[in-house]
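Novice: Here you go, coords-v9.pdb (PDB, C-alpha atoms):
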```
ATOM      1  CA  MET G   1      20.431   8.027   9.634
ATOM      2  CA  ARG G   2      20.044   7.839  13.409
ATOM      3  CA  ILE G   3      16.591   9.450  13.453
ATOM      4  CA  ARG G   4      15.128   6.925  11.017
ATOM      5  CA  ASP G   5      16.732   4.030  12.926
ATOM      6  CA  ALA G   6      15.327   5.354  16.196
ATOM      7  CA  ALA G   7      11.862   5.717  14.684
ATOM      8  CA  SER G   8      12.065   2.156  13.340
ATOM      9  CA  ARG G   9      12.876   0.870  16.823
ATOM     10  CA  LEU G  10      10.018   2.834  18.382
ATOM     11  CA  VAL G  11       7.508   1.624  15.779
ATOM     12  CA  LYS G  12       8.334  -1.972  16.756
ATOM     13  CA  THR G  13       7.647  -1.376  20.447
ATOM     14  CA  SER G  14       5.010   1.391  20.562
ATOM     15  CA  ARG G  15       1.692   2.251  19.047
ATOM     16  CA  LEU G  16       2.159   4.716  16.220
ATOM     17  CA  GLN G  17      -0.133   7.303  17.778
ATOM     18  CA  ASP G  18       1.992   7.222  20.962
ATOM     19  CA  ILE G  19       5.217   8.182  19.180
ATOM     20  CA  THR G  20       6.198  11.831  19.435
ATOM     21  CA  VAL G  21       8.965  13.941  17.933
ATOM     22  CA  ARG G  22      10.441  14.242  21.412
ATOM     23  CA  ALA G  23      10.458  10.435  21.834
ATOM     24  CA  VAL G  24      12.133   9.901  18.452
ATOM     25  CA  ALA G  25      14.742  12.571  19.185
ATOM     26  CA  ALA G  26      15.485  11.070  22.611
ATOM     27  CA  GLU G  27      15.777   7.561  21.144
ATOM     28  CA  ALA G  28      18.136   8.892  18.455
ATOM     29  CA  GLY G  29      20.191  10.898  20.954
ATOM     30  CA  VAL G  30      19.568  14.184  19.134
ATOM     31  CA  SER G  31      17.725  17.367  19.951
ATOM     32  CA  VAL G  32      14.182  18.081  18.802
ATOM     33  CA  GLY G  33      15.649  20.898  16.696
ATOM     34  CA  THR G  34      17.890  18.393  14.925
ATOM     35  CA  PHE G  35      14.819  16.276  14.143
ATOM     36  CA  TYR G  36      13.190  19.308  12.470
ATOM     37  CA  THR G  37      16.372  19.955  10.482
ATOM     38  CA  TYR G  38      15.720  16.703   8.601
ATOM     39  CA  PHE G  39      11.933  16.218   8.799
ATOM     40  CA  GLU G  40       9.033  18.658   8.750
ATOM     41  CA  ASN G  41       6.917  16.392  10.978
ATOM     42  CA  LEU G  42       6.317  12.781  12.042
ATOM     43  CA  SER G  43       4.294  12.085   8.920
ATOM     44  CA  GLU G  44       7.260  12.949   6.707
ATOM     45  CA  LEU G  45       9.502  10.740   8.843
ATOM     46  CA  GLY G  46       7.005   7.886   8.545
ATOM     47  CA  GLN G  47       6.879   8.250   4.777
ATOM     48  CA  SER G  48      10.665   8.070   4.620
ATOM     49  CA  LEU G  49      10.613   4.801   6.596
ATOM     50  CA  TRP G  50       8.182   3.144   4.217
ATOM     51  CA  MET G  51       9.445   4.540   0.920
ATOM     52  CA  GLU G  52      12.224   1.993   0.369
ATOM     53  CA  PRO G  53      10.150  -1.184   0.930
ATOM     54  CA  VAL G  54       7.286   0.254  -1.132
ATOM     55  CA  ASP G  55       9.712   1.080  -3.956
ATOM     56  CA  GLU G  56      10.989  -2.520  -3.753
ATOM     57  CA  LEU G  57       7.378  -3.717  -4.103
ATOM     58  CA  ARG G  58       6.931  -1.554  -7.195
ATOM     59  CA  GLN G  59      10.126  -2.935  -8.727
ATOM     60  CA  GLU G  60       9.081  -6.518  -8.016
ATOM     61  CA  MET G  61       5.686  -5.857  -9.579
ATOM     62  CA  ARG G  62       7.322  -4.223 -12.587
ATOM     63  CA  GLU G  63       9.479  -7.305 -13.157
ATOM     64  CA  HIS G  64       6.601  -9.765 -12.681
ATOM     65  CA  ALA G  65       4.115  -7.808 -14.793
ATOM     66  CA  ALA G  66       6.532  -7.494 -17.710
ATOM     67  CA  LYS G  67       6.708 -11.291 -18.016
ATOM     68  CA  ILE G  68       2.940 -11.893 -18.219
ATOM     69  CA  GLU G  69       1.323 -11.350 -21.602
ATOM     70  CA  ASP G  70      -2.250 -12.290 -20.708
ATOM     71  CA  PRO G  71      -3.857  -9.134 -19.248
ATOM     72  CA  VAL G  72      -6.214 -10.982 -16.874
ATOM     73  CA  ALA G  73      -3.330 -13.120 -15.572
ATOM     74  CA  ARG G  74      -1.268  -9.927 -15.169
ATOM     75  CA  ILE G  75      -4.027  -8.297 -13.108
ATOM     76  CA  ARG G  76      -4.202 -11.422 -10.919
ATOM     77  CA  GLU G  77      -0.430 -11.390 -10.395
ATOM     78  CA  LEU G  78      -0.382  -7.691  -9.521
ATOM     79  CA  LEU G  79      -3.193  -8.047  -6.985
ATOM     80  CA  GLU G  80      -1.726 -11.238  -5.495
ATOM     81  CA  ASN G  81       1.669  -9.531  -5.212
ATOM     82  CA  TYR G  82       0.015  -6.657  -3.333
ATOM     83  CA  ALA G  83      -1.633  -9.159  -0.959
ATOM     84  CA  ARG G  84       1.676 -11.015  -0.422
ATOM     85  CA  PHE G  85       3.377  -7.737   0.429
ATOM     86  CA  ALA G  86       0.675  -7.072   3.039
ATOM     87  CA  GLU G  87       1.383 -10.441   4.626
ATOM     88  CA  GLU G  88       5.173 -10.569   4.343
ATOM     89  CA  LYS G  89       5.859  -6.890   5.175
ATOM     90  CA  ASN G  90       2.909  -6.366   7.473
ATOM     91  CA  ALA G  91       4.439  -3.569   9.552
ATOM     92  CA  VAL G  92       5.331  -1.615   6.413
ATOM     93  CA  PHE G  93       1.924  -2.313   4.864
ATOM     94  CA  ARG G  94       0.140  -1.118   7.982
ATOM     95  CA  GLY G  95       2.268   2.010   8.193
ATOM     96  CA  ALA G  96       2.255   2.903   4.512
ATOM     97  CA  PHE G  97      -1.214   1.736   3.458
ATOM     98  CA  LEU G  98      -3.415   1.494   6.567
ATOM     99  CA  TYR G  99      -2.246   4.494   8.554
ATOM    100  CA  VAL G 100      -5.067   6.890   9.375
ATOM    101  CA  ARG G 101      -3.630  10.355   9.774
ATOM    102  CA  PRO G 102      -4.919  12.301  12.766
ATOM    103  CA  GLU G 103      -6.838  15.437  11.801
ATOM    104  CA  SER G 104      -4.144  17.534  13.478
ATOM    105  CA  MET G 105      -1.444  16.336  11.050
ATOM    106  CA  LYS G 106      -0.849  18.100   7.782
ATOM    107  CA  LYS G 107      -2.283  16.191   4.827
ATOM    108  CA  PRO G 108       0.192  15.329   2.095
ATOM    109  CA  GLU G 109      -0.139  16.698  -1.375
ATOM    110  CA  LYS G 110      -2.236  14.364  -3.539
ATOM    111  CA  ILE G 111      -0.404  12.484  -6.264
ATOM    112  CA  ASP G 112      -2.152  11.857  -9.567
ATOM    113  CA  LEU G 113      -2.902   8.151 -10.033
ATOM    114  CA  ASP G 114      -1.183   8.274 -13.430
ATOM    115  CA  GLN G 115       2.064   8.680 -11.486
ATOM    116  CA  GLU G 116       1.581   5.461  -9.457
ATOM    117  CA  PHE G 117       3.109   2.433 -11.175
ATOM    118  CA  PHE G 118       0.769  -0.133  -9.600
ATOM    119  CA  PHE G 119      -2.301   1.782 -10.691
ATOM    120  CA  CYS G 120      -0.955   2.269 -14.223
ATOM    121  CA  CYS G 121      -0.237  -1.453 -14.551
ATOM    122  CA  LEU G 122      -3.796  -2.289 -13.517
ATOM    123  CA  ARG G 123      -5.281   0.327 -15.848
ATOM    124  CA  ASP G 124      -3.137  -0.771 -18.796
ATOM    125  CA  ALA G 125      -4.006  -4.437 -18.232
ATOM    126  CA  VAL G 126      -7.707  -3.532 -18.175
ATOM    127  CA  LEU G 127      -7.272  -1.669 -21.478
ATOM    128  CA  GLU G 128      -5.402  -4.592 -23.054
ATOM    129  CA  GLY G 129      -8.027  -7.023 -21.782
ATOM    130  CA  GLN G 130     -10.761  -4.902 -23.342
ATOM    131  CA  GLN G 131      -8.913  -4.761 -26.652
ATOM    132  CA  SER G 132      -8.543  -8.555 -26.672
ATOM    133  CA  GLY G 133     -12.175  -9.060 -25.636
ATOM    134  CA  GLN G 134     -11.299 -10.686 -22.289
ATOM    135  CA  ILE G 135     -12.550  -7.821 -20.122
ATOM    136  CA  GLY G 136     -15.915  -6.071 -20.300
ATOM    137  CA  LYS G 137     -16.548  -2.470 -21.281
ATOM    138  CA  TYR G 138     -15.662  -0.599 -18.118
ATOM    139  CA  GLU G 139     -13.997   2.756 -17.827
ATOM    140  CA  PRO G 140     -10.339   1.656 -17.311
ATOM    141  CA  MET G 141      -9.435   4.348 -14.749
ATOM    142  CA  GLU G 142     -12.492   3.510 -12.656
ATOM    143  CA  MET G 143     -11.944  -0.243 -12.948
ATOM    144  CA  ALA G 144      -8.278   0.019 -11.925
ATOM    145  CA  GLN G 145      -9.344   1.973  -8.830
ATOM    146  CA  THR G 146     -12.048  -0.593  -8.070
ATOM    147  CA  LEU G 147      -9.626  -3.523  -8.411
ATOM    148  CA  TRP G 148      -7.110  -1.901  -6.077
ATOM    149  CA  ALA G 149      -9.768  -0.755  -3.610
ATOM    150  CA  GLY G 150     -11.400  -4.192  -3.487
ATOM    151  CA  VAL G 151      -8.225  -6.045  -2.612
ATOM    152  CA  HIS G 152      -7.027  -3.318  -0.279
ATOM    153  CA  GLY G 153     -10.363  -3.377   1.539
ATOM    154  CA  ALA G 154     -10.192  -7.148   1.922
ATOM    155  CA  LEU G 155      -6.724  -6.797   3.433
ATOM    156  CA  ALA G 156      -7.701  -3.894   5.692
ATOM    157  CA  LEU G 157     -11.073  -5.039   7.018
ATOM    158  CA  PRO G 158      -9.877  -7.771   9.438
ATOM    159  CA  THR G 159      -7.198  -5.385  10.717
ATOM    160  CA  THR G 160      -9.309  -2.284  11.209
ATOM    161  CA  MET G 161     -12.410  -4.181  12.367
ATOM    162  CA  ASP G 162     -10.548  -6.699  14.518
ATOM    163  CA  ARG G 163     -13.369  -7.086  17.019
ATOM    164  CA  TYR G 164     -15.251  -9.174  14.429
ATOM    165  CA  ALA G 165     -14.356 -12.766  13.557
ATOM    166  CA  PHE G 166     -13.527 -12.166   9.895
ATOM    167  CA  ASP G 167     -11.544 -14.732   7.975
ATOM    168  CA  SER G 168      -7.870 -13.812   7.607
ATOM    169  CA  SER G 169      -6.848 -10.920   5.401
ATOM    170  CA  GLN G 170      -5.140 -13.290   3.013
ATOM    171  CA  THR G 171      -8.225 -15.504   2.691
ATOM    172  CA  LEU G 172     -10.461 -12.504   2.063
ATOM    173  CA  ALA G 173      -7.990 -11.033  -0.436
ATOM    174  CA  ALA G 174      -7.797 -14.312  -2.386
ATOM    175  CA  ARG G 175     -11.602 -14.481  -2.573
ATOM    176  CA  MET G 176     -11.790 -10.818  -3.547
ATOM    177  CA  ILE G 177      -9.281 -11.290  -6.372
ATOM    178  CA  ASP G 178     -11.251 -14.267  -7.712
ATOM    179  CA  SER G 179     -14.519 -12.309  -7.466
ATOM    180  CA  LEU G 180     -13.158  -9.180  -9.113
ATOM    181  CA  LEU G 181     -11.604 -11.095 -11.995
ATOM    182  CA  GLU G 182     -14.817 -13.040 -12.529
ATOM    183  CA  MET G 183     -16.770  -9.772 -12.485
ATOM    184  CA  ILE G 184     -14.671  -8.020 -15.129
ATOM    185  CA  SER G 185     -14.092 -11.010 -17.419
ATOM    186  CA  THR G 186     -16.355 -11.471 -20.421
TER     187      THR G 186
END
```
Take the structure I supplied and represent it as structure tokens, if you would.

Specialist:
Amino acid sequence: MRIRDAASRLVKTSRLQDITVRAVAAEAGVSVGTFYTYFENLSELGQSLWMEPVDELRQEMREHAAKIEDPVARIRELLENYARFAEEKNAVFRGAFLYVRPESMKKPEKIDLDQEFFFCCLRDAVLEGQQSGQIGKYEPMEMAQTLWAGVHGALALPTTMDRYAFDSSQTLAARMIDSLLEMIST
């Protein structure tokens, strides 16, 4: 679709907050009205740009997780895969996972965490680890959120707080994964 291609080009050369519907329409060679025929707003357009690579990440995680029987090793693989995605598909990661929506933009409808594959894999691995005695007695939903939030925070901090001399995102994420797994293991 020309609008998505135009938005992809603009994202590579402009700051996200500087991109407007008018700019996307002009880049695509369509009217602003045509833009609104396909997308409600820029946020919806942005989500459509990131959906495919994020779905590919989910599929890759699904395939990797299915092969790992040990629940602690599965958690490590899932979190490391998330960190690799952030490094290898940095533009997509920043757009899909680090984007801070301006107050003026409509907030999307919240999706229940039970509908997110990555979260469910983490939660299920925590449950399995508890059943096998490898993981301590934590509430699985809370622990899955904590695992994801810890690694995500390690990836985000050097990007969002770039005026400080943090170690690289990947270094922080690797340390965070080690720390989290040590924390939950019995």

Novice: Any chance you could resolve the PyMOL selection byres ((chain G and resi 74) around 10) against this file and give the residues as a list of chain:residue names?

Specialist: G:Met61, G:His64, G:Ala65, G:Ala66, G:Lys67, G:Ile68, G:Glu69, G:Asp70, G:Pro71, G:Val72, G:Ala73, G:Ile75, G:Arg76, G:Glu77, G:Leu78, G:Leu79, G:Glu80, G:Cys121, G:Leu122, G:Ala125, G:Val126, G:Gly129

Novice: Need the neighbours of (20.4, 9.5, 18.6): which residues are at most 8 Å away, counting all atoms listed in the file, as a compact mmCIF listing (two decimals) with C-alpha atoms, in the coordinates of the input?

Specialist:
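Everything below was put into part.txt:
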```txt
# COMPACT_ATOMS: atom_id res chain seq x y z
CA ARG G 2 20.04 7.84 13.41
CA ILE G 3 16.59 9.45 13.45
CA ALA G 6 15.33 5.35 16.20
CA ALA G 25 14.74 12.57 19.18
CA ALA G 26 15.48 11.07 22.61
CA GLU G 27 15.78 7.56 21.14
CA ALA G 28 18.14 8.89 18.45
CA GLY G 29 20.19 10.90 20.95
CA VAL G 30 19.57 14.18 19.13
```

Novice: With only C-alpha atoms as the counted atoms, please give the residues lying no more than 7 Å from stretch 135-143 of chain G, apart from itself and same-chain residues fewer than 5 positions off, as a PyMOL selection string.

Specialist: chain G and resi 123+126-127+129-130+184-186

Novice: Find the residue from G:Ala86, G:Leu155, G:Ile111, G:Val21 that sits nearest to G:Gly33; use all atoms listed in the file when measuring.

Specialist: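 Of all the options, G:Val21 lies closest to G:Gly33.
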
Novice: Any chance you could work out the residue set of the PyMOL selection byres ((chain G and resi 168) around 12) here, as a ChimeraX atom specification?

Specialist: /G:83,86-87,154-159,161-162,164-167,169-175

Novice: Around (0.1, 1.6, 7.0) in the file's own coordinates, what residues are found within 10 Å if you use only C-alpha atoms, given back as a PDB file with C-alpha atoms, in the frame of the given file?

Specialist:
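Final file, selection.pdb:
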```pdb
ATOM      1  CA  LEU G  16       2.159   4.716  16.220  1.00  0.00           C
ATOM      2  CA  GLY G  46       7.005   7.886   8.545  1.00  0.00           C
ATOM      3  CA  GLN G  47       6.879   8.250   4.777  1.00  0.00           C
ATOM      4  CA  TRP G  50       8.182   3.144   4.217  1.00  0.00           C
ATOM      5  CA  ALA G  86       0.675  -7.072   3.039  1.00  0.00           C
ATOM      6  CA  ASN G  90       2.909  -6.366   7.473  1.00  0.00           C
ATOM      7  CA  ALA G  91       4.439  -3.569   9.552  1.00  0.00           C
ATOM      8  CA  VAL G  92       5.331  -1.615   6.413  1.00  0.00           C
ATOM      9  CA  PHE G  93       1.924  -2.313   4.864  1.00  0.00           C
ATOM     10  CA  ARG G  94       0.140  -1.118   7.982  1.00  0.00           C
ATOM     11  CA  GLY G  95       2.268   2.010   8.193  1.00  0.00           C
ATOM     12  CA  ALA G  96       2.255   2.903   4.512  1.00  0.00           C
ATOM     13  CA  PHE G  97      -1.214   1.736   3.458  1.00  0.00           C
ATOM     14  CA  LEU G  98      -3.415   1.494   6.567  1.00  0.00           C
ATOM     15  CA  TYR G  99      -2.246   4.494   8.554  1.00  0.00           C
ATOM     16  CA  VAL G 100      -5.067   6.890   9.375  1.00  0.00           C
ATOM     17  CA  ARG G 101      -3.630  10.355   9.774  1.00  0.00           C
ATOM     18  CA  ALA G 156      -7.701  -3.894   5.692  1.00  0.00           C
TER      19      ALA G 156
END
```

Novice: Let me make sure I understand: among G:Ile19, G:Leu49, G:Met1, G:Leu10, which one has the smallest atom-to-atom distance to G:Thr34 if we use only C-alpha atoms?

Specialist: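 Closest residue, counting only C-alpha atoms: G:Met1.
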
Novice: Atom CA of G:Glu182 and atom CA of G:Ser132 are how many Å apart?

Specialist: 16.1 Å

Novice: One decimal, Å: what's the distance from atom CA of G:Glu88 over to atom CA of G:Lys106, could you say?

Specialist: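 Between atom CA of G:Glu88 and atom CA of G:Lys106 the gap works out to 29.5 Å.
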
Novice: Record the distance separating atom CA of G:Tyr36 and atom CA of G:Asp18, expressed in Å with one decimal.

Specialist: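 Rounded to one decimal, the two atoms are 18.5 Å apart.
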